[in-house]
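Peer 1: Provided below: entry.pdb, containing PDB, C-alpha atoms, pLDDT in the B column.
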ATOM      1  CA  MET Y   1      -4.921  34.135 150.858  1.00 45.00           C
ATOM      2  CA  LYS Y   2      -1.942  34.400 148.522  1.00 62.00           C
ATOM      3  CA  ASP Y   3      -2.523  33.357 144.934  1.00 87.00           C
ATOM      4  CA  ASP Y   4      -0.369  30.826 143.092  1.00 89.00           C
ATOM      5  CA  TYR Y   5       2.049  33.432 141.686  1.00 88.00           C
ATOM      6  CA  ASP Y   6       2.534  35.158 145.041  1.00 89.00           C
ATOM      7  CA  LEU Y   7       3.227  31.830 146.722  1.00 90.00           C
ATOM      8  CA  MET Y   8       5.846  31.053 144.087  1.00 91.00           C
ATOM      9  CA  LYS Y   9       7.505  34.465 144.674  1.00 87.00           C
ATOM     10  CA  LEU Y  10       7.704  33.669 148.391  1.00 89.00           C
ATOM     11  CA  LYS Y  11       9.321  30.294 147.674  1.00 89.00           C
ATOM     12  CA  VAL Y  12      11.779  31.870 145.211  1.00 87.00           C
ATOM     13  CA  HIS Y  13      12.797  34.407 147.854  1.00 85.00           C
ATOM     14  CA  GLN Y  14      13.226  31.713 150.506  1.00 86.00           C
ATOM     15  CA  SER Y  15      15.204  29.440 148.207  1.00 83.00           C
ATOM     16  CA  LEU Y  16      17.223  31.777 145.975  1.00 81.00           C
ATOM     17  CA  LYS Y  17      17.250  35.008 148.024  1.00 78.00           C
ATOM     18  CA  LEU Y  18      15.753  36.689 144.957  1.00 78.00           C
ATOM     19  CA  ASN Y  19      12.906  39.056 145.860  1.00 80.00           C
ATOM     20  CA  LEU Y  20      10.702  39.190 142.773  1.00 82.00           C
ATOM     21  CA  SER Y  21       8.477  41.798 144.450  1.00 79.00           C
ATOM     22  CA  LEU Y  22      11.249  44.328 143.801  1.00 77.00           C
ATOM     23  CA  TYR Y  23      11.164  43.729 140.031  1.00 79.00           C
ATOM     24  CA  LYS Y  24       8.515  45.219 137.747  1.00 76.00           C
ATOM     25  CA  GLU Y  25       5.819  42.579 137.972  1.00 82.00           C
ATOM     26  CA  ALA Y  26       4.378  42.646 134.438  1.00 83.00           C
ATOM     27  CA  GLN Y  27       7.780  41.973 132.840  1.00 80.00           C
ATOM     28  CA  MET Y  28       8.812  39.340 135.373  1.00 83.00           C
ATOM     29  CA  LYS Y  29       5.491  37.489 135.367  1.00 88.00           C
ATOM     30  CA  ARG Y  30       5.521  37.362 131.568  1.00 87.00           C
ATOM     31  CA  ARG Y  31       8.986  35.750 131.579  1.00 86.00           C
ATOM     32  CA  ILE Y  32       8.046  33.164 134.198  1.00 90.00           C
ATOM     33  CA  THR Y  33       4.725  32.360 132.529  1.00 93.00           C
ATOM     34  CA  THR Y  34       6.571  31.665 129.278  1.00 90.00           C
ATOM     35  CA  LEU Y  35       8.795  29.148 131.067  1.00 91.00           C
ATOM     36  CA  ARG Y  36       5.923  27.595 133.016  1.00 93.00           C
ATOM     37  CA  ASP Y  37       3.894  27.076 129.838  1.00 93.00           C
ATOM     38  CA  LYS Y  38       6.914  25.777 127.930  1.00 92.00           C
ATOM     39  CA  HIS Y  39       7.278  22.947 130.447  1.00 93.00           C
ATOM     40  CA  LYS Y  40       3.503  22.317 130.513  1.00 93.00           C
ATOM     41  CA  PHE Y  41       2.775  23.328 134.093  1.00 93.00           C
ATOM     42  CA  THR Y  42      -0.459  25.065 135.052  1.00 92.00           C
ATOM     43  CA  SER Y  43       0.746  26.135 138.507  1.00 93.00           C
ATOM     44  CA  TYR Y  44       3.631  28.511 139.222  1.00 93.00           C
ATOM     45  CA  VAL Y  45       4.295  26.737 142.538  1.00 92.00           C
ATOM     46  CA  ASP Y  46       4.450  23.335 140.865  1.00 94.00           C
ATOM     47  CA  TYR Y  47       6.739  24.690 138.166  1.00 93.00           C
ATOM     48  CA  PHE Y  48       9.195  26.172 140.689  1.00 91.00           C
ATOM     49  CA  ALA Y  49       9.098  22.952 142.742  1.00 94.00           C
ATOM     50  CA  ALA Y  50      10.203  21.144 139.582  1.00 94.00           C
ATOM     51  CA  CYS Y  51      13.018  23.688 139.170  1.00 91.00           C
ATOM     52  CA  GLN Y  52      14.231  22.899 142.669  1.00 91.00           C
ATOM     53  CA  ARG Y  53      14.409  19.196 141.768  1.00 92.00           C
ATOM     54  CA  ASP Y  54      16.055  19.682 138.369  1.00 91.00           C
ATOM     55  CA  SER Y  55      19.294  21.702 138.116  1.00 86.00           C
ATOM     56  CA  LYS Y  56      18.844  22.365 134.392  1.00 87.00           C
ATOM     57  CA  LEU Y  57      15.348  23.747 134.926  1.00 90.00           C
ATOM     58  CA  LEU Y  58      16.651  25.922 137.774  1.00 88.00           C
ATOM     59  CA  GLU Y  59      19.515  27.244 135.646  1.00 82.00           C
ATOM     60  CA  GLU Y  60      17.069  28.131 132.858  1.00 85.00           C
ATOM     61  CA  PHE Y  61      14.767  29.810 135.392  1.00 86.00           C
ATOM     62  CA  THR Y  62      17.581  31.912 136.860  1.00 81.00           C
ATOM     63  CA  GLU Y  63      18.912  32.927 133.443  1.00 75.00           C
ATOM     64  CA  LYS Y  64      15.449  33.998 132.314  1.00 75.00           C
ATOM     65  CA  LEU Y  65      14.931  36.159 135.388  1.00 73.00           C
ATOM     66  CA  THR Y  66      18.263  37.932 135.205  1.00 66.00           C
ATOM     67  CA  ILE Y  67      18.978  40.311 132.349  1.00 61.00           C
ATOM     68  CA  ASN Y  68      21.964  39.077 130.339  1.00 55.00           C
ATOM     69  CA  VAL Y  69      22.259  41.318 127.291  1.00 53.00           C
ATOM     70  CA  SER Y  70      25.681  42.894 126.904  1.00 64.00           C
ATOM     71  CA  GLU Y  71      28.414  43.809 124.464  1.00 70.00           C
ATOM     72  CA  PHE Y  72      31.839  45.474 124.506  1.00 82.00           C
ATOM     73  CA  TYR Y  73      31.885  49.296 124.584  1.00 80.00           C
ATOM     74  CA  ARG Y  74      28.092  49.495 124.549  1.00 77.00           C
ATOM     75  CA  ASN Y  75      27.118  53.115 123.694  1.00 79.00           C
ATOM     76  CA  PRO Y  76      30.651  54.146 122.576  1.00 81.00           C
ATOM     77  CA  ASN Y  77      30.176  57.891 123.094  1.00 87.00           C
ATOM     78  CA  ARG Y  78      29.660  57.297 126.823  1.00 89.00           C
ATOM     79  CA  TRP Y  79      32.907  55.327 126.953  1.00 91.00           C
ATOM     80  CA  ASP Y  80      34.665  58.325 125.380  1.00 92.00           C
ATOM     81  CA  VAL Y  81      33.398  60.497 128.247  1.00 94.00           C
ATOM     82  CA  LEU Y  82      34.569  57.884 130.744  1.00 96.00           C
ATOM     83  CA  GLN Y  83      38.035  57.773 129.183  1.00 95.00           C
ATOM     84  CA  LYS Y  84      38.584  61.482 128.546  1.00 96.00           C
ATOM     85  CA  LYS Y  85      36.791  63.097 131.483  1.00 96.00           C
ATOM     86  CA  ILE Y  86      35.676  60.806 134.306  1.00 96.00           C
ATOM     87  CA  ILE Y  87      38.739  58.587 134.794  1.00 96.00           C
ATOM     88  CA  PRO Y  88      41.242  61.500 134.627  1.00 96.00           C
ATOM     89  CA  GLU Y  89      39.281  63.312 137.329  1.00 94.00           C
ATOM     90  CA  LEU Y  90      39.078  60.206 139.514  1.00 95.00           C
ATOM     91  CA  ILE Y  91      42.849  59.626 139.422  1.00 93.00           C
ATOM     92  CA  LYS Y  92      44.043  63.219 139.874  1.00 90.00           C
ATOM     93  CA  ASN Y  93      45.537  62.510 143.272  1.00 83.00           C
ATOM     94  CA  LYS Y  94      45.919  58.732 143.270  1.00 86.00           C
ATOM     95  CA  ARG Y  95      47.822  55.979 141.541  1.00 85.00           C
ATOM     96  CA  LYS Y  96      45.369  53.211 142.398  1.00 92.00           C
ATOM     97  CA  ILE Y  97      41.673  52.906 141.567  1.00 95.00           C
ATOM     98  CA  SER Y  98      38.908  50.537 142.672  1.00 97.00           C
ATOM     99  CA  ILE Y  99      36.081  49.767 140.238  1.00 98.00           C
ATOM    100  CA  TRP Y 100      32.883  47.784 140.680  1.00 98.00           C
ATOM    101  CA  SER Y 101      31.086  46.454 137.607  1.00 97.00           C
ATOM    102  CA  ALA Y 102      27.715  45.585 139.143  1.00 96.00           C
ATOM    103  CA  ALA Y 103      25.324  43.220 137.330  1.00 92.00           C
ATOM    104  CA  CYS Y 104      28.170  42.519 134.901  1.00 92.00           C
ATOM    105  CA  SER Y 105      26.387  39.719 133.024  1.00 88.00           C
ATOM    106  CA  THR Y 106      28.784  37.740 130.778  1.00 88.00           C
ATOM    107  CA  GLY Y 107      31.744  40.045 131.398  1.00 92.00           C
ATOM    108  CA  GLU Y 108      31.870  42.385 128.411  1.00 91.00           C
ATOM    109  CA  GLU Y 109      31.685  45.450 130.647  1.00 93.00           C
ATOM    110  CA  PRO Y 110      34.526  44.684 133.104  1.00 95.00           C
ATOM    111  CA  TYR Y 111      36.760  43.547 130.239  1.00 95.00           C
ATOM    112  CA  SER Y 112      35.964  46.801 128.396  1.00 93.00           C
ATOM    113  CA  LEU Y 113      36.986  48.731 131.506  1.00 96.00           C
ATOM    114  CA  ALA Y 114      40.230  46.773 131.772  1.00 95.00           C
ATOM    115  CA  MET Y 115      41.069  47.396 128.103  1.00 94.00           C
ATOM    116  CA  MET Y 116      40.484  51.117 128.498  1.00 93.00           C
ATOM    117  CA  LEU Y 117      42.718  51.339 131.551  1.00 95.00           C
ATOM    118  CA  GLU Y 118      45.479  49.225 130.012  1.00 94.00           C
ATOM    119  CA  GLU Y 119      45.426  51.262 126.817  1.00 93.00           C
ATOM    120  CA  TYR Y 120      45.053  54.831 128.078  1.00 93.00           C
ATOM    121  CA  PHE Y 121      46.241  54.685 131.704  1.00 95.00           C
ATOM    122  CA  PRO Y 122      49.100  52.127 131.612  1.00 92.00           C
ATOM    123  CA  ALA Y 123      50.752  53.346 134.829  1.00 91.00           C
ATOM    124  CA  LEU Y 124      47.564  53.058 136.862  1.00 94.00           C
ATOM    125  CA  ASN Y 125      47.170  50.316 139.471  1.00 94.00           C
ATOM    126  CA  TYR Y 126      43.578  49.104 139.303  1.00 95.00           C
ATOM    127  CA  GLN Y 127      41.300  46.329 140.507  1.00 95.00           C
ATOM    128  CA  ILE Y 128      37.867  45.537 139.064  1.00 97.00           C
ATOM    129  CA  ARG Y 129      35.260  43.688 141.060  1.00 97.00           C
ATOM    130  CA  ALA Y 130      32.694  42.220 138.639  1.00 97.00           C
ATOM    131  CA  THR Y 131      29.492  40.817 140.116  1.00 96.00           C
ATOM    132  CA  ASP Y 132      26.228  39.262 139.033  1.00 93.00           C
ATOM    133  CA  PHE Y 133      23.441  37.225 140.616  1.00 89.00           C
ATOM    134  CA  ASP Y 134      23.555  34.519 137.951  1.00 85.00           C
ATOM    135  CA  GLN Y 135      26.259  31.892 138.478  1.00 86.00           C
ATOM    136  CA  ALA Y 136      26.016  30.674 134.865  1.00 82.00           C
ATOM    137  CA  VAL Y 137      26.867  34.065 133.357  1.00 85.00           C
ATOM    138  CA  LEU Y 138      29.721  34.506 135.845  1.00 91.00           C
ATOM    139  CA  MET Y 139      31.196  31.204 134.671  1.00 90.00           C
ATOM    140  CA  ALA Y 140      30.946  32.407 131.070  1.00 89.00           C
ATOM    141  CA  ALA Y 141      32.561  35.718 132.045  1.00 92.00           C
ATOM    142  CA  LYS Y 142      35.509  33.970 133.698  1.00 93.00           C
ATOM    143  CA  GLN Y 143      36.097  31.903 130.554  1.00 91.00           C
ATOM    144  CA  GLY Y 144      36.143  35.061 128.410  1.00 92.00           C
ATOM    145  CA  ASN Y 145      34.972  33.527 125.117  1.00 92.00           C
ATOM    146  CA  TYR Y 146      32.767  35.684 122.874  1.00 90.00           C
ATOM    147  CA  GLN Y 147      30.997  35.622 119.538  1.00 86.00           C
ATOM    148  CA  GLU Y 148      32.055  38.320 117.089  1.00 84.00           C
ATOM    149  CA  ARG Y 149      28.700  40.106 117.392  1.00 82.00           C
ATOM    150  CA  SER Y 150      29.588  41.029 120.992  1.00 85.00           C
ATOM    151  CA  LEU Y 151      32.633  42.935 119.692  1.00 87.00           C
ATOM    152  CA  LYS Y 152      30.845  45.018 117.061  1.00 83.00           C
ATOM    153  CA  GLU Y 153      31.352  48.339 118.926  1.00 81.00           C
ATOM    154  CA  LEU Y 154      34.927  47.574 119.979  1.00 84.00           C
ATOM    155  CA  PRO Y 155      37.652  49.593 118.190  1.00 84.00           C
ATOM    156  CA  ALA Y 156      39.529  47.345 115.760  1.00 86.00           C
ATOM    157  CA  ALA Y 157      42.907  48.059 117.375  1.00 88.00           C
ATOM    158  CA  LEU Y 158      41.658  46.857 120.764  1.00 89.00           C
ATOM    159  CA  LYS Y 159      40.058  43.792 119.233  1.00 89.00           C
ATOM    160  CA  LYS Y 160      43.366  42.863 117.586  1.00 91.00           C
ATOM    161  CA  LYS Y 161      45.452  43.561 120.683  1.00 94.00           C
ATOM    162  CA  TYR Y 162      43.354  41.965 123.416  1.00 94.00           C
ATOM    163  CA  PHE Y 163      41.709  38.972 121.716  1.00 94.00           C
ATOM    164  CA  THR Y 164      42.779  35.794 119.995  1.00 93.00           C
ATOM    165  CA  SER Y 165      40.348  34.229 117.528  1.00 89.00           C
ATOM    166  CA  GLN Y 166      39.566  30.529 117.356  1.00 84.00           C
ATOM    167  CA  GLY Y 167      37.187  30.137 114.443  1.00 82.00           C
ATOM    168  CA  THR Y 168      34.132  32.252 115.256  1.00 83.00           C
ATOM    169  CA  ILE Y 169      35.075  32.576 118.933  1.00 90.00           C
ATOM    170  CA  PHE Y 170      37.198  35.415 120.335  1.00 92.00           C
ATOM    171  CA  GLN Y 171      39.001  34.828 123.621  1.00 93.00           C
ATOM    172  CA  VAL Y 172      39.995  37.706 125.856  1.00 94.00           C
ATOM    173  CA  SER Y 173      43.663  38.119 126.825  1.00 92.00           C
ATOM    174  CA  PRO Y 174      44.860  36.738 130.216  1.00 90.00           C
ATOM    175  CA  SER Y 175      46.497  40.157 130.772  1.00 88.00           C
ATOM    176  CA  LEU Y 176      43.013  41.585 131.340  1.00 90.00           C
ATOM    177  CA  ARG Y 177      41.674  38.739 133.448  1.00 88.00           C
ATOM    178  CA  LYS Y 178      44.305  39.148 136.159  1.00 88.00           C
ATOM    179  CA  HIS Y 179      42.827  42.526 137.142  1.00 92.00           C
ATOM    180  CA  ILE Y 180      39.220  41.284 137.439  1.00 96.00           C
ATOM    181  CA  ARG Y 181      37.627  39.330 140.273  1.00 96.00           C
ATOM    182  CA  PHE Y 182      34.277  37.766 139.395  1.00 96.00           C
ATOM    183  CA  GLU Y 183      31.888  37.159 142.303  1.00 96.00           C
ATOM    184  CA  ARG Y 184      28.228  36.394 142.869  1.00 94.00           C
ATOM    185  CA  HIS Y 185      26.313  39.328 144.336  1.00 95.00           C
ATOM    186  CA  ASN Y 186      22.637  40.143 144.804  1.00 92.00           C
ATOM    187  CA  LEU Y 187      22.017  43.898 144.610  1.00 94.00           C
ATOM    188  CA  LEU Y 188      18.786  43.501 146.582  1.00 90.00           C
ATOM    189  CA  GLU Y 189      20.091  41.321 149.420  1.00 90.00           C
ATOM    190  CA  ASP Y 190      23.871  41.376 149.860  1.00 94.00           C
ATOM    191  CA  SER Y 191      26.144  43.919 151.531  1.00 96.00           C
ATOM    192  CA  TYR Y 192      27.944  46.412 149.277  1.00 97.00           C
ATOM    193  CA  PRO Y 193      31.698  47.011 149.060  1.00 96.00           C
ATOM    194  CA  LYS Y 194      33.277  50.163 150.483  1.00 96.00           C
ATOM    195  CA  ASP Y 195      35.494  52.959 149.133  1.00 96.00           C
ATOM    196  CA  VAL Y 196      34.848  52.234 145.460  1.00 97.00           C
ATOM    197  CA  ASP Y 197      36.034  54.970 143.074  1.00 97.00           C
ATOM    198  CA  LEU Y 198      33.799  54.019 140.145  1.00 98.00           C
ATOM    199  CA  ILE Y 199      30.613  51.946 140.036  1.00 98.00           C
ATOM    200  CA  VAL Y 200      29.354  50.873 136.618  1.00 97.00           C
ATOM    201  CA  CYS Y 201      25.803  49.518 136.664  1.00 95.00           C
ATOM    202  CA  ARG Y 202      24.087  49.784 133.300  1.00 90.00           C
ATOM    203  CA  ASN Y 203      20.862  48.556 131.739  1.00 82.00           C
ATOM    204  CA  VAL Y 204      19.608  46.534 134.682  1.00 85.00           C
ATOM    205  CA  LEU Y 205      18.037  49.111 137.013  1.00 87.00           C
ATOM    206  CA  ILE Y 206      15.179  49.686 134.551  1.00 82.00           C
ATOM    207  CA  TYR Y 207      13.796  46.276 135.534  1.00 82.00           C
ATOM    208  CA  PHE Y 208      13.455  47.165 139.224  1.00 87.00           C
ATOM    209  CA  THR Y 209      10.580  48.886 140.991  1.00 89.00           C
ATOM    210  CA  ASP Y 210      11.041  52.477 142.155  1.00 89.00           C
ATOM    211  CA  GLU Y 211      11.294  51.215 145.738  1.00 91.00           C
ATOM    212  CA  ALA Y 212      14.137  48.872 144.829  1.00 91.00           C
ATOM    213  CA  LYS Y 213      15.955  51.545 142.808  1.00 92.00           C
ATOM    214  CA  ASN Y 214      15.748  53.981 145.715  1.00 93.00           C
ATOM    215  CA  THR Y 215      17.480  51.462 147.977  1.00 95.00           C
ATOM    216  CA  ILE Y 216      20.112  50.566 145.366  1.00 95.00           C
ATOM    217  CA  PHE Y 217      20.998  54.217 144.674  1.00 96.00           C
ATOM    218  CA  GLN Y 218      21.381  54.890 148.408  1.00 96.00           C
ATOM    219  CA  ASN Y 219      23.602  51.827 148.770  1.00 97.00           C
ATOM    220  CA  PHE Y 220      25.684  52.806 145.741  1.00 98.00           C
ATOM    221  CA  ASN Y 221      26.292  56.211 147.307  1.00 97.00           C
ATOM    222  CA  LYS Y 222      27.461  54.623 150.563  1.00 97.00           C
ATOM    223  CA  ALA Y 223      29.728  52.248 148.619  1.00 98.00           C
ATOM    224  CA  LEU Y 224      31.519  55.055 146.779  1.00 98.00           C
ATOM    225  CA  ALA Y 225      34.636  56.740 148.076  1.00 96.00           C
ATOM    226  CA  LYS Y 226      34.724  60.520 148.435  1.00 92.00           C
ATOM    227  CA  ASP Y 227      34.161  62.102 144.980  1.00 92.00           C
ATOM    228  CA  GLY Y 228      33.432  58.633 143.534  1.00 96.00           C
ATOM    229  CA  CYS Y 229      31.304  58.278 140.421  1.00 98.00           C
ATOM    230  CA  LEU Y 230      28.331  56.135 139.336  1.00 97.00           C
ATOM    231  CA  PHE Y 231      27.904  55.283 135.625  1.00 96.00           C
ATOM    232  CA  VAL Y 232      24.391  54.119 134.634  1.00 94.00           C
ATOM    233  CA  GLY Y 233      22.733  53.040 131.385  1.00 87.00           C
ATOM    234  CA  SER Y 234      21.318  55.251 128.643  1.00 80.00           C
ATOM    235  CA  THR Y 235      17.720  54.691 129.809  1.00 79.00           C
ATOM    236  CA  GLU Y 236      18.459  55.064 133.519  1.00 84.00           C
ATOM    237  CA  GLN Y 237      18.650  58.786 134.199  1.00 85.00           C
ATOM    238  CA  ILE Y 238      18.421  59.466 137.946  1.00 91.00           C
ATOM    239  CA  PHE Y 239      15.776  62.075 138.675  1.00 86.00           C
ATOM    240  CA  ASN Y 240      16.377  64.118 141.846  1.00 89.00           C
ATOM    241  CA  ALA Y 241      19.908  62.746 142.096  1.00 94.00           C
ATOM    242  CA  GLU Y 242      20.629  64.963 145.103  1.00 95.00           C
ATOM    243  CA  ARG Y 243      18.071  62.919 147.038  1.00 95.00           C
ATOM    244  CA  TYR Y 244      20.582  60.063 146.964  1.00 95.00           C
ATOM    245  CA  GLY Y 245      23.665  62.211 147.564  1.00 96.00           C
ATOM    246  CA  PHE Y 246      24.680  62.615 143.890  1.00 97.00           C
ATOM    247  CA  TYR Y 247      25.000  65.416 141.377  1.00 95.00           C
ATOM    248  CA  LEU Y 248      25.077  65.097 137.596  1.00 95.00           C
ATOM    249  CA  GLU Y 249      28.667  65.125 136.317  1.00 95.00           C
ATOM    250  CA  ASP Y 250      27.823  64.320 132.687  1.00 93.00           C
ATOM    251  CA  SER Y 251      25.010  62.457 130.937  1.00 91.00           C
ATOM    252  CA  PHE Y 252      24.561  59.182 132.883  1.00 93.00           C
ATOM    253  CA  PHE Y 253      27.540  59.902 135.177  1.00 96.00           C
ATOM    254  CA  TYR Y 254      26.723  60.877 138.774  1.00 97.00           C
ATOM    255  CA  ARG Y 255      29.315  62.151 141.224  1.00 97.00           C
ATOM    256  CA  LYS Y 256      29.009  61.566 144.963  1.00 96.00           C
ATOM    257  CA  GLN Y 257      28.430  64.879 146.716  1.00 90.00           C
TER     258      GLN Y 257
END
Produce structure tokens that represent the structure in this file.

Peer 2:
Amino acid sequence: MKDDYDLMKLKVHQSLKLNLSLYKEAQMKRRITTLRDKHKFTSYVDYFAACQRDSKLLEEFTEKLTINVSEFYRNPNRWDVLQKKIIPELIKNKRKISIWSAACSTGEEPYSLAMMLEEYFPALNYQIRATDFDQAVLMAAKQGNYQERSLKELPAALKKKYFTSQGTIFQVSPSLRKHIRFERHNLLEDSYPKDVDLIVCRNVLIYFTDEAKNTIFQNFNKALAKDGCLFVGSTEQIFNAERYGFYLEDSFFYRKQ
């Protein structure tokens, strides 16, 4: 017989299409237990039933389960490699590029990509698809309003050029937004796009089980165009990359074979 937590996972999957069995259980269970205890429930099933009745509880539940920590130009040295090596190689024989910012959280990553392309590749025609499971963070991303702490790694010239400040809030320029399409997407359930030149998926894969990561890496490879590139986070090195049809192009950049 399934225990209370397993029954809740089944109900979450049925209701939200979010398979918690594909996330590392200790981390996920700790997050959910914190919420359950906060709202004074003793049963996981009863707590999730309350979430289904109360939109605010459900929004809090979803936000807690999805990883929403981001900032502009996170790990700047990797962005230098992207600008000086990866992008020039991707556009050698093309004037248009397709980019997917997967698990984009509140939008810092796709906006960083757009700033880089506007600044260093002004003649390039590009489209960025930015996706996340969490509807609340996608809404925040579309609005493009950020606290100054999110911009701490952003070069001052880009901050001045692409943001307007309103008190302590910095709003991203409409010139960047027009190139980005924000959409809801579940990496573990939904179909993947095709013929993408660059996939950026950073600092979220570490929360998945090895089984889930295997599937995601295979799907990323299928989604990439010929010679396309995958950019992962600084703690997400892909061991045996050739198993998934990749080879290491540079640290944390994997080229489709």

Peer 1: Would you be able to write out as a VMD selection string which residues have an atom within 7 Å of (31.4, 46.5, 136.4) in the file's coordinates, counting only C-alpha atoms?

Peer 2: chain Y and resid 99 to 104 109 to 110 129 to 130 199 to 201

Peer 1: Could you tell me which of Y:Tyr120, Y:Phe48, Y:Phe163, Y:Phe208 comes closest to Asp80 of chain Y if we count all atoms listed in the file?

Peer 2: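 For Asp80 of chain Y, the nearest of the given residues is Y:Tyr120.
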
Peer 1: Please compute the atom CA of Asp46 of chain Y-atom CA of Tyr23 of chain Y distance, one decimal, in Å.

Peer 2: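 Pair atom CA of Asp46 of chain Y / atom CA of Tyr23 of chain Y returns 21.5 Å.
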
Peer 1: Pull out every residue that the PyMOL selection byres ((chain Y and resi 142-148) around 6) matches in the shown coordinates and put them as a PDB file with C-alpha atoms, in the frame of the given file.

Peer 2:
ATOM      1  CA  MET Y 139      31.196  31.204 134.671  1.00 90.00           C
ATOM      2  CA  ALA Y 140      30.946  32.407 131.070  1.00 89.00           C
ATOM      3  CA  ALA Y 141      32.561  35.718 132.045  1.00 92.00           C
ATOM      4  CA  ARG Y 149      28.700  40.106 117.392  1.00 82.00           C
ATOM      5  CA  SER Y 150      29.588  41.029 120.992  1.00 85.00           C
ATOM      6  CA  LEU Y 151      32.633  42.935 119.692  1.00 87.00           C
ATOM      7  CA  ILE Y 169      35.075  32.576 118.933  1.00 90.00           C
ATOM      8  CA  PHE Y 170      37.198  35.415 120.335  1.00 92.00           C
ATOM      9  CA  GLN Y 171      39.001  34.828 123.621  1.00 93.00           C
ATOM     10  CA  VAL Y 172      39.995  37.706 125.856  1.00 94.00           C
TER      11      VAL Y 172
END

Peer 1: Tell me which of Y:Trp79, Y:Phe61, Y:Tyr126, Y:Tyr192 sits closest to Asn219 of chain Y, counting all atoms listed in the file.

Peer 2: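 Going through Y:Trp79, Y:Phe61, Y:Tyr126, Y:Tyr192 one by one, the smallest distance to Asn219 of chain Y is for Y:Tyr192.
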
Peer 1: With distances taken over all atoms listed in the file, which residue among Y:Phe217, Y:Arg95, Y:Leu113, Y:His179 lies nearest Asn240 of chain Y?

Peer 2: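 Smallest distance to Asn240 of chain Y is found for Y:Phe217.
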
Peer 1: How far is it from atom CA of Pro88 of chain Y to atom CA of Leu205 of chain Y, in Å with one decimal?

Peer 2: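 Taking atom CA of Pro88 of chain Y and atom CA of Leu205 of chain Y, their separation equals 26.4 Å.
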
Peer 1: Pull out every residue that the PyMOL selection byres ((chain Y and resi 50) around 12) matches in the shown coordinates and put them as a PyMOL selection string.

Peer 2: chain Y and resi 8+35-36+39-41+43-49+51-61
